[in-house]
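Notes follow once the structure below has been shown.
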Amino acid sequence: MEGRFFKAIRLLVVTTIIIIVGVFCIKKVSNSLEQKKYEDLKADLLLIQAKVKTIKGKADVSGNKDNYLGAKISENENNDLKDFLRYIKIKDEDFESFYVLSKVDFDTMNISDELKNAEDNEFIVNYDSSEVIYKKGIKVDGKVKYKISEINEKKLPKYWIIYNRVEVQK
């Protein structure tokens with residue numbers, strides 16, 4: 001009888017340990033996948049931004065802004081896009097500078113094969129400031145961010161170690 005009791009306890013302990021390790025592994029894999037998705041999306045935004053800068057440079061040299069790709073937000077009938085831009089604090093008078101990109105535009109830019117998250121009407125660009133906006137947003141440090149300038153913000157450490165001295169940043 002005692003042998004069965006100890007076997008049952010041993011089985012319970014081993015099962016509990018396996019469950020704890022399994023939960024830990026699942027959480028770790030989930031975090032890794034989320035980090036990979038974040039890095040892929042950030043790479044897509046940077047790729048689009050680089051292409052936007054190239055197109056802007058060519059337009060500046062030729063003096064022809066007709067080469068800008070995408071549909072102008074100011075001329076777009078889609079009020080959802082305009083409401084979204086207002087939500088992220090872009091003024092109505094600035095809508096003239098923003099363009100929404102489609103898959104066809106990505107094909108024209110020759111970057112559709114490199115983009116991992118290319119969906120129609122999810123990316124909005126401003127050729128003047130080279131700002132790229134992802135409509136779905138990316139959760140960074142518990143906050144949803146939409147602009148590449150917000151996503152790329154560097155967090156400054158609270159303490160800087162300089163020449164073996166610790167300086168507190170205020």
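Quick note on naming: the chains in the structure tokens go A, B, ... in the order shown, residues restart at 1 in each chain, and ligands are numbered from 1 in order of appearance.
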
Each residue of range 118-154 of chain A with at least one atom at most 12 Å from range 33-41 of chain A should appear once, together with its nearest atom pair and the corresponding distance in Å (one decimal); atoms considered: only C-alpha atoms; ordering: chain, then increasing residue number; output as a Markdown table.
```
| residue | atom | partner | partner_atom | distance |
| --- | --- | --- | --- | --- |
| A:Ala118 | CA | A:Leu41 | CA | 9.3 |
| A:Glu119 | CA | A:Leu41 | CA | 11.7 |
| A:Glu122 | CA | A:Leu41 | CA | 11.8 |
| A:Phe123 | CA | A:Leu41 | CA | 11.2 |
| A:Val132 | CA | A:Leu41 | CA | 11.7 |
| A:Ile133 | CA | A:Leu41 | CA | 11.4 |
| A:Tyr134 | CA | A:Leu41 | CA | 9.0 |
| A:Lys135 | CA | A:Leu41 | CA | 11.9 |
| A:Lys136 | CA | A:Leu41 | CA | 10.9 |
| A:Gly137 | CA | A:Leu41 | CA | 9.9 |
| A:Ile138 | CA | A:Tyr38 | CA | 7.3 |
| A:Lys139 | CA | A:Tyr38 | CA | 8.4 |
| A:Val140 | CA | A:Tyr38 | CA | 8.8 |
| A:Asp141 | CA | A:Tyr38 | CA | 11.7 |
| A:Val144 | CA | A:Tyr38 | CA | 12.0 |
| A:Lys145 | CA | A:Tyr38 | CA | 11.6 |
| A:Tyr146 | CA | A:Leu41 | CA | 11.3 |
| A:Lys147 | CA | A:Leu41 | CA | 11.8 |
| A:Ile148 | CA | A:Leu41 | CA | 10.1 |
| A:Ile151 | CA | A:Tyr38 | CA | 10.1 |
| A:Asn152 | CA | A:Glu39 | CA | 11.3 |
```

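The protein and nucleic acid residues lying at most 10 Å from Ser130 in chain A are Ile48, Gln49, Ala50, Lys51, Val52, Lys53, Thr54, Lys56, Phe98, Ile148 and Ser149 of chain A, with only C-alpha atoms considered and sequence neighbours fewer than 6 positions away removed.
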
Store the residues of this selection in a file with N, CA and C atoms, as a PDB file, in the first residue's frame.
```
ATOM      1  N   ILE A  48      10.010  50.520 -46.788  1.00  0.00           N
ATOM      2  CA  ILE A  48       9.089  51.472 -47.436  1.00  0.00           C
ATOM      3  C   ILE A  48       9.627  52.889 -47.296  1.00  0.00           C
ATOM      4  N   GLN A  49      10.131  53.222 -46.110  1.00  0.00           N
ATOM      5  CA  GLN A  49      10.674  54.559 -45.889  1.00  0.00           C
ATOM      6  C   GLN A  49      11.859  54.835 -46.829  1.00  0.00           C
ATOM      7  N   ALA A  50      12.735  53.858 -47.002  1.00  0.00           N
ATOM      8  CA  ALA A  50      13.880  54.036 -47.902  1.00  0.00           C
ATOM      9  C   ALA A  50      13.412  54.266 -49.336  1.00  0.00           C
ATOM     10  N   LYS A  51      12.418  53.523 -49.753  1.00  0.00           N
ATOM     11  CA  LYS A  51      11.900  53.677 -51.114  1.00  0.00           C
ATOM     12  C   LYS A  51      11.208  55.042 -51.277  1.00  0.00           C
ATOM     13  N   VAL A  52      10.500  55.471 -50.243  1.00  0.00           N
ATOM     14  CA  VAL A  52       9.841  56.786 -50.281  1.00  0.00           C
ATOM     15  C   VAL A  52      10.889  57.891 -50.417  1.00  0.00           C
ATOM     16  N   LYS A  53      11.987  57.770 -49.698  1.00  0.00           N
ATOM     17  CA  LYS A  53      13.059  58.773 -49.804  1.00  0.00           C
ATOM     18  C   LYS A  53      13.658  58.784 -51.210  1.00  0.00           C
ATOM     19  N   THR A  54      13.811  57.618 -51.809  1.00  0.00           N
ATOM     20  CA  THR A  54      14.341  57.529 -53.170  1.00  0.00           C
ATOM     21  C   THR A  54      13.396  58.195 -54.165  1.00  0.00           C
ATOM     22  N   LYS A  56      11.151  60.460 -53.513  1.00  0.00           N
ATOM     23  CA  LYS A  56      11.143  61.894 -53.200  1.00  0.00           C
ATOM     24  C   LYS A  56      12.370  62.566 -53.827  1.00  0.00           C
ATOM     25  N   PHE A  98      -0.103  63.262 -47.586  1.00  0.00           N
ATOM     26  CA  PHE A  98      -0.150  61.838 -47.261  1.00  0.00           C
ATOM     27  C   PHE A  98      -0.768  61.025 -48.387  1.00  0.00           C
ATOM     28  N   ILE A 148       6.549  55.295 -38.006  1.00  0.00           N
ATOM     29  CA  ILE A 148       7.890  54.722 -37.894  1.00  0.00           C
ATOM     30  C   ILE A 148       8.767  55.585 -36.999  1.00  0.00           C
ATOM     31  N   SER A 149       8.518  56.877 -36.976  1.00  0.00           N
ATOM     32  CA  SER A 149       9.309  57.754 -36.109  1.00  0.00           C
ATOM     33  C   SER A 149       9.063  57.434 -34.633  1.00  0.00           C
TER      34      SER A 149
END
```

Polymer residues at most 10 Å from Asn67 in chain A, only C-alpha atoms, same-chain spacing of 6 or more positions, as a PyMOL selection string: chain A and resi 55-56+58-59

Dump as a PDB file, in the first residue's frame, selection limited to C-alpha atoms:
```
ATOM      1  CA  ILE A  55      11.118  58.491 -54.941  1.00  0.00           C
ATOM      2  CA  LYS A  56      11.143  61.894 -53.200  1.00  0.00           C
ATOM      3  CA  LYS A  58      13.945  61.640 -57.907  1.00  0.00           C
ATOM      4  CA  ALA A  59      10.910  63.950 -57.781  1.00  0.00           C
TER       5      ALA A  59
END
```

For the helix (DSSP H, G or I) assignment from backbone DSSP, which residues of chain A qualify? Please present them as a ChimeraX atom specification. /A:2-62,65-67,73-75,79-87,92-97,103-109,148-151

Can you pull out every residue from range 42-101 of chain A that DSSP, working from the backbone, puts in strand (DSSP E or B), and format the result as a ChimeraX atom specification? /A:71-72,98-101

Closest of A:Glu93, A:Ile20, A:Asn78, A:Leu69 to Asp105 in chain A - atom-to-atom distances counting only C-alpha atoms: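 Of A:Glu93, A:Ile20, A:Asn78, A:Leu69, the one nearest Asp105 in chain A is A:Leu69, counting only C-alpha atoms.
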
Just how far from CA of Leu81 in chain A is CA of Leu47 in chain A, in Å to one decimal?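 Taking CA of Leu47 in chain A and CA of Leu81 in chain A, their separation equals 22.2 Å.
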
Distance query Tyr99 in chain A at most 10 Å, only C-alpha atoms, self and fewer than 4 positions along chain excluded, as a list in words: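 Near Tyr99 in chain A, the qualifying residues are Tyr68, Leu69, Gly70, Ala71, Lys72, Ile73, Ser74, Glu75, Asn76, Phe95, Asn121, Phe123, Ile124, Val125, Asn126, Tyr127 and Val132 of chain A.
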
Figure out the distance between CA of Ser112 in chain A and CA of Val29 in chain A, please, to one decimal in Å. 28.3 Å

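CA of Gly142 in chain A to CA of Ala43 in chain A spans 20.1 Å [interatomic distance, one decimal].
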
Closest of A:Thr15, A:Asn64, A:Asn117, A:Asn79 to Ser102 in chain A - atom-to-atom distances counting only C-alpha atoms: A:Asn117
